[in-house]
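target-v4.cif (mmCIF, C-alpha atoms) appears below.
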data_data
loop_
_atom_site.group_PDB
_atom_site.id
_atom_site.type_symbol
_atom_site.label_atom_id
_atom_site.label_comp_id
_atom_site.auth_asym_id
_atom_site.auth_seq_id
_atom_site.Cartn_x
_atom_site.Cartn_y
_atom_site.Cartn_z
ATOM 1 C CA MET A 1 98.788 202.841 150.687
ATOM 2 C CA ARG A 2 101.253 200.114 149.663
ATOM 3 C CA MET A 3 98.585 197.504 150.273
ATOM 4 C CA THR A 4 96.233 199.353 147.895
ATOM 5 C CA PHE A 5 98.881 199.400 145.134
ATOM 6 C CA ALA A 6 99.635 195.706 145.682
ATOM 7 C CA ILE A 7 95.946 194.773 145.403
ATOM 8 C CA PHE A 8 95.454 197.056 142.379
ATOM 9 C CA GLY A 9 98.582 195.601 140.687
ATOM 10 C CA SER A 10 97.364 192.041 141.326
ATOM 11 C CA LEU A 11 94.000 192.873 139.760
ATOM 12 C CA ILE A 12 95.702 194.226 136.633
ATOM 13 C CA VAL A 13 97.827 191.065 136.269
ATOM 14 C CA TRP A 14 94.758 188.847 136.793
ATOM 15 C CA ALA A 15 92.682 190.848 134.275
ATOM 16 C CA THR A 16 95.467 190.707 131.669
ATOM 17 C CA ALA A 17 95.925 186.938 132.119
ATOM 18 C CA SER A 18 92.174 186.396 131.814
ATOM 19 C CA ALA A 19 92.020 188.463 128.627
ATOM 20 C CA VAL A 20 94.887 186.480 127.064
ATOM 21 C CA GLN A 21 93.166 183.173 127.876
ATOM 22 C CA ALA A 22 89.879 184.425 126.414
ATOM 23 C CA GLN A 23 91.433 185.171 123.008
ATOM 24 C CA ALA A 24 90.353 183.088 120.057
ATOM 25 C CA PRO A 25 92.371 179.945 119.244
ATOM 26 C CA ALA A 26 95.378 180.393 116.996
ATOM 27 C CA ALA A 27 94.628 180.610 113.287
ATOM 28 C CA GLN A 28 95.628 177.799 110.951
ATOM 29 C CA PRO A 29 99.162 178.176 109.571
ATOM 30 C CA THR A 30 99.410 180.051 106.280
ATOM 31 C CA SER A 31 101.682 177.306 104.905
ATOM 32 C CA PRO A 32 100.194 174.057 106.200
ATOM 33 C CA ILE A 33 101.885 170.680 105.802
ATOM 34 C CA VAL A 34 100.002 168.746 103.129
ATOM 35 C CA LEU A 35 99.971 165.249 101.654
ATOM 36 C CA VAL A 36 99.375 164.812 97.922
ATOM 37 C CA VAL A 37 99.612 161.925 95.461
ATOM 38 C CA GLY A 38 100.594 162.380 91.832
ATOM 39 C CA CYS A 39 103.021 161.761 88.990
ATOM 40 C CA ALA A 40 106.631 162.935 89.336
ATOM 41 C CA GLU A 41 107.848 164.978 86.362
ATOM 42 C CA ARG A 42 111.363 166.316 85.953
ATOM 43 C CA GLY A 43 111.646 169.840 84.598
ATOM 44 C CA ALA A 44 114.243 171.387 82.294
ATOM 45 C CA THR A 45 116.834 171.632 85.091
ATOM 46 C CA PRO A 46 117.682 169.182 87.936
ATOM 47 C CA HIS A 47 116.144 171.350 90.654
ATOM 48 C CA VAL A 48 112.794 171.862 88.896
ATOM 49 C CA TRP A 49 110.255 169.083 89.442
ATOM 50 C CA ARG A 50 106.476 169.002 89.176
ATOM 51 C CA LEU A 51 103.787 166.725 90.511
ATOM 52 C CA SER A 52 100.952 166.284 88.015
ATOM 53 C CA ASN A 53 97.610 164.447 88.048
ATOM 54 C CA VAL A 54 97.246 165.310 91.733
ATOM 55 C CA GLY A 55 93.979 164.559 93.495
ATOM 56 C CA GLU A 56 92.804 165.983 96.811
ATOM 57 C CA ARG A 57 95.305 167.878 98.965
ATOM 58 C CA VAL A 58 95.084 166.803 102.622
ATOM 59 C CA VAL A 59 96.379 168.901 105.536
ATOM 60 C CA THR A 60 98.415 166.849 107.998
ATOM 61 C CA PRO A 61 100.326 167.620 111.218
ATOM 62 C CA GLN A 62 103.412 165.460 110.529
ATOM 63 C CA PRO A 63 106.171 166.306 107.995
ATOM 64 C CA SER A 64 106.990 162.637 107.313
ATOM 65 C CA ILE A 65 104.848 159.960 105.674
ATOM 66 C CA SER A 66 103.871 157.122 108.016
ATOM 67 C CA GLU A 67 103.398 153.523 106.867
ATOM 68 C CA GLU A 68 99.646 153.943 107.363
ATOM 69 C CA GLU A 69 99.581 157.102 105.235
ATOM 70 C CA GLN A 70 101.634 155.386 102.532
ATOM 71 C CA ALA A 71 99.220 152.435 102.425
ATOM 72 C CA ALA A 72 96.211 154.781 102.249
ATOM 73 C CA ALA A 73 97.885 156.974 99.608
ATOM 74 C CA SER A 74 98.243 154.035 97.227
ATOM 75 C CA GLY A 75 94.466 153.874 96.855
ATOM 76 C CA ARG A 76 93.776 157.596 96.609
ATOM 77 C CA PRO A 77 92.268 158.752 93.309
ATOM 78 C CA MET A 78 94.329 160.852 90.937
ATOM 79 C CA GLY A 79 93.094 164.257 89.779
ATOM 80 C CA GLY A 80 93.902 167.237 87.602
ATOM 81 C CA GLU A 81 95.966 169.473 89.899
ATOM 82 C CA MET A 82 99.654 170.283 89.403
ATOM 83 C CA TYR A 83 102.260 171.501 91.903
ATOM 84 C CA GLU A 84 105.810 172.691 91.487
ATOM 85 C CA LEU A 85 108.082 170.924 93.968
ATOM 86 C CA VAL A 86 110.638 172.953 95.929
ATOM 87 C CA GLY A 87 113.621 171.535 97.838
ATOM 88 C CA VAL A 88 113.949 168.278 95.893
ATOM 89 C CA ALA A 89 117.733 167.780 96.266
ATOM 90 C CA ASP A 90 117.351 165.268 99.120
ATOM 91 C CA PHE A 91 114.784 163.183 97.222
ATOM 92 C CA VAL A 92 116.272 162.702 93.731
ATOM 93 C CA ALA A 93 119.060 160.316 92.683
ATOM 94 C CA PRO A 94 122.567 161.269 93.922
ATOM 95 C CA ASP A 95 123.841 162.222 90.449
ATOM 96 C CA LEU A 96 120.928 164.662 89.988
ATOM 97 C CA SER A 97 121.341 165.990 93.520
ATOM 98 C CA LEU A 98 124.957 166.924 92.778
ATOM 99 C CA GLN A 99 123.771 169.103 89.869
ATOM 100 C CA ILE A 100 121.668 171.265 92.208
ATOM 101 C CA GLY A 101 123.298 174.410 93.579
ATOM 102 C CA ASP A 102 126.824 173.905 94.944
ATOM 103 C CA ARG A 103 126.332 170.295 96.014
ATOM 104 C CA GLY A 104 128.610 168.995 93.261
ATOM 105 C CA ASP A 105 131.429 171.228 94.530
ATOM 106 C CA ILE A 106 131.267 169.940 98.096
ATOM 107 C CA LEU A 107 129.979 166.354 97.879
ATOM 108 C CA THR A 108 130.920 163.165 96.049
ATOM 109 C CA ASN A 109 128.297 160.796 94.684
ATOM 110 C CA GLU A 110 128.892 158.498 97.674
ATOM 111 C CA ARG A 111 128.398 161.362 100.158
ATOM 112 C CA ALA A 112 125.184 162.700 98.615
ATOM 113 C CA ASN A 113 122.572 161.685 101.188
ATOM 114 C CA THR A 114 119.440 161.298 99.064
ATOM 115 C CA THR A 115 116.463 158.952 99.092
ATOM 116 C CA GLY A 116 116.123 158.607 95.314
ATOM 117 C CA ALA A 117 112.337 158.385 95.809
ATOM 118 C CA LEU A 118 111.515 161.147 93.315
ATOM 119 C CA VAL A 119 111.759 159.445 89.906
ATOM 120 C CA GLN A 120 110.473 160.627 86.536
ATOM 121 C CA GLY A 121 107.134 158.999 85.656
ATOM 122 C CA HIS A 122 106.592 157.291 89.008
ATOM 123 C CA LYS A 123 103.467 157.620 91.137
ATOM 124 C CA VAL A 124 104.549 159.149 94.446
ATOM 125 C CA ALA A 125 103.144 160.528 97.673
ATOM 126 C CA VAL A 126 104.656 163.864 98.681
ATOM 127 C CA LYS A 127 104.438 165.775 101.940
ATOM 128 C CA GLY A 128 105.594 169.317 102.474
ATOM 129 C CA LEU A 129 104.688 172.912 103.162
ATOM 130 C CA TYR A 130 101.969 174.152 100.823
ATOM 131 C CA ILE A 131 102.779 177.506 99.202
ATOM 132 C CA SER A 132 99.846 179.128 97.415
ATOM 133 C CA GLY A 133 100.512 181.040 94.233
ATOM 134 C CA THR A 134 100.813 180.549 90.503
ATOM 135 C CA PRO A 135 101.958 177.880 90.246
ATOM 136 C CA ALA A 136 101.096 176.415 93.629
ATOM 137 C CA ARG A 137 104.196 174.866 95.203
ATOM 138 C CA ILE A 138 105.096 172.329 97.841
ATOM 139 C CA ASN A 139 108.356 172.638 99.787
ATOM 140 C CA VAL A 140 109.066 168.918 100.071
ATOM 141 C CA THR A 141 109.677 167.250 103.461
ATOM 142 C CA SER A 142 109.025 163.616 102.478
ATOM 143 C CA VAL A 143 108.526 161.466 99.363
ATOM 144 C CA VAL A 144 107.600 157.792 98.973
ATOM 145 C CA GLN A 145 107.167 155.826 95.781
ATOM 146 C CA LEU A 146 103.767 154.226 95.275
ATOM 147 C CA ALA A 147 104.137 152.717 91.791
ATOM 148 C CA PRO A 148 106.795 152.596 89.039
ATOM 149 C CA THR A 149 104.332 154.003 86.507
ATOM 150 C CA CYS A 150 101.787 156.751 86.576
ATOM 151 C CA PRO A 151 98.576 157.242 84.606
#
For this file, produce the structure as structure tokens.
Amino acid sequence: MRMTFAIFGSLIVWATASAVQAQAPAAQPTSPIVLVVGCAERGATPHVWRLSNVGERVVTPQPSISEEEQAAASGRPMGGEMYELVGVADFVAPDLSLQIGDRGDILTNERANTTGALVQGHKVAVKGLYISGTPARINVTSVVQLAPTCP
């Protein structure tokens, strides 16, 4: 009797494992990491930035911008899309970063760890989590400057 239960239990485990393996591959993430190129525009407040004249949005697996991606981004065509940028405090100049949230209360200008890559009117490549909506947004994970001016 025990042998029957052991065999029956083993069959259930095997059948369950087989069913799990047979499931369809995982769906694409609802907020993929994307790479876009456009013109950086500062909004009315330090934490509000937009990226205008954006061309094609490309899904990418890495949150940072590689040297190869930066070189390729320089030649990508501009377009007519616009994105609101979220989480810009680490990518603006230190003085602007300190005006965002409580940063100015806890950090000095020297301690603000920012890249300064997000500059008004510059052509930049931005990577981050794409958030659909109106307006579409990108939660920024990386920014590199491509040119000091933008069309």
Polymer residues at most 7 Å from Ile138 of chain A, all atoms listed in the file, same-chain spacing of 4 or more positions, as a PyMOL selection string: chain A and resi 83-86+128-131
Using the selection just defined, write its residues with C-alpha atoms as an mmCIF file, in the frame of the given file.
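Generated output (out.cif):
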data_model
loop_
_atom_site.group_PDB
_atom_site.id
_atom_site.type_symbol
_atom_site.label_atom_id
_atom_site.label_comp_id
_atom_site.auth_asym_id
_atom_site.auth_seq_id
_atom_site.Cartn_x
_atom_site.Cartn_y
_atom_site.Cartn_z
ATOM 1 C CA TYR A 83 102.260 171.501 91.903
ATOM 2 C CA GLU A 84 105.810 172.691 91.487
ATOM 3 C CA LEU A 85 108.082 170.924 93.968
ATOM 4 C CA VAL A 86 110.638 172.953 95.929
ATOM 5 C CA GLY A 128 105.594 169.317 102.474
ATOM 6 C CA LEU A 129 104.688 172.912 103.162
ATOM 7 C CA TYR A 130 101.969 174.152 100.823
ATOM 8 C CA ILE A 131 102.779 177.506 99.202
#
Give, as lines of an AutoDock Vina configuration file, the centre coordinates and the x, y and z edge lengths in Å to one decimal for an axis-aligned box around all listed atoms of segment 103-110 of chain A, padded by 5 Å on each side.
center_x = 128.9
center_y = 164.9
center_z = 95.7
size_x = 15.1
size_y = 22.7
size_z = 14.8
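For the atom pair formed by atom CA of Ser97 of chain A and atom CA of Thr114 of chain A, the distance is 7.5 Å, given to one decimal.
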Which residues come within 9 Å of Ser74 of chain A, counting all atoms listed in the file, excluding same-chain residues fewer than 4 positions away, as JSON, numbers by chain? {"A": [37, 69, 70, 123, 124, 125, 146, 147]}
May I ask for the distance between atom CA of Ala112 of chain A and atom CA of Thr60 of chain A, given in Å to one decimal place?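 Separation of atom CA of Ala112 of chain A and atom CA of Thr60 of chain A: 28.7 Å.
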For Cys150 of chain A, work out the shell of residues within 6 Å, counting only C-alpha atoms and skipping chain neighbours fewer than 3 positions away, then give it as a PyMOL selection string. chain A and resi 39+121-123
Distance query Leu35 of chain A at most 12 Å, only C-alpha atoms, self and fewer than 2 positions along chain excluded, as JSON, numbers by chain: {"A": [32, 33, 37, 38, 51, 54, 55, 56, 57, 58, 59, 60, 61, 62, 63, 64, 65, 66, 69, 70, 72, 73, 76, 83, 124, 125, 126, 127, 128, 129, 130, 138, 139, 140, 141, 142, 143, 144]}
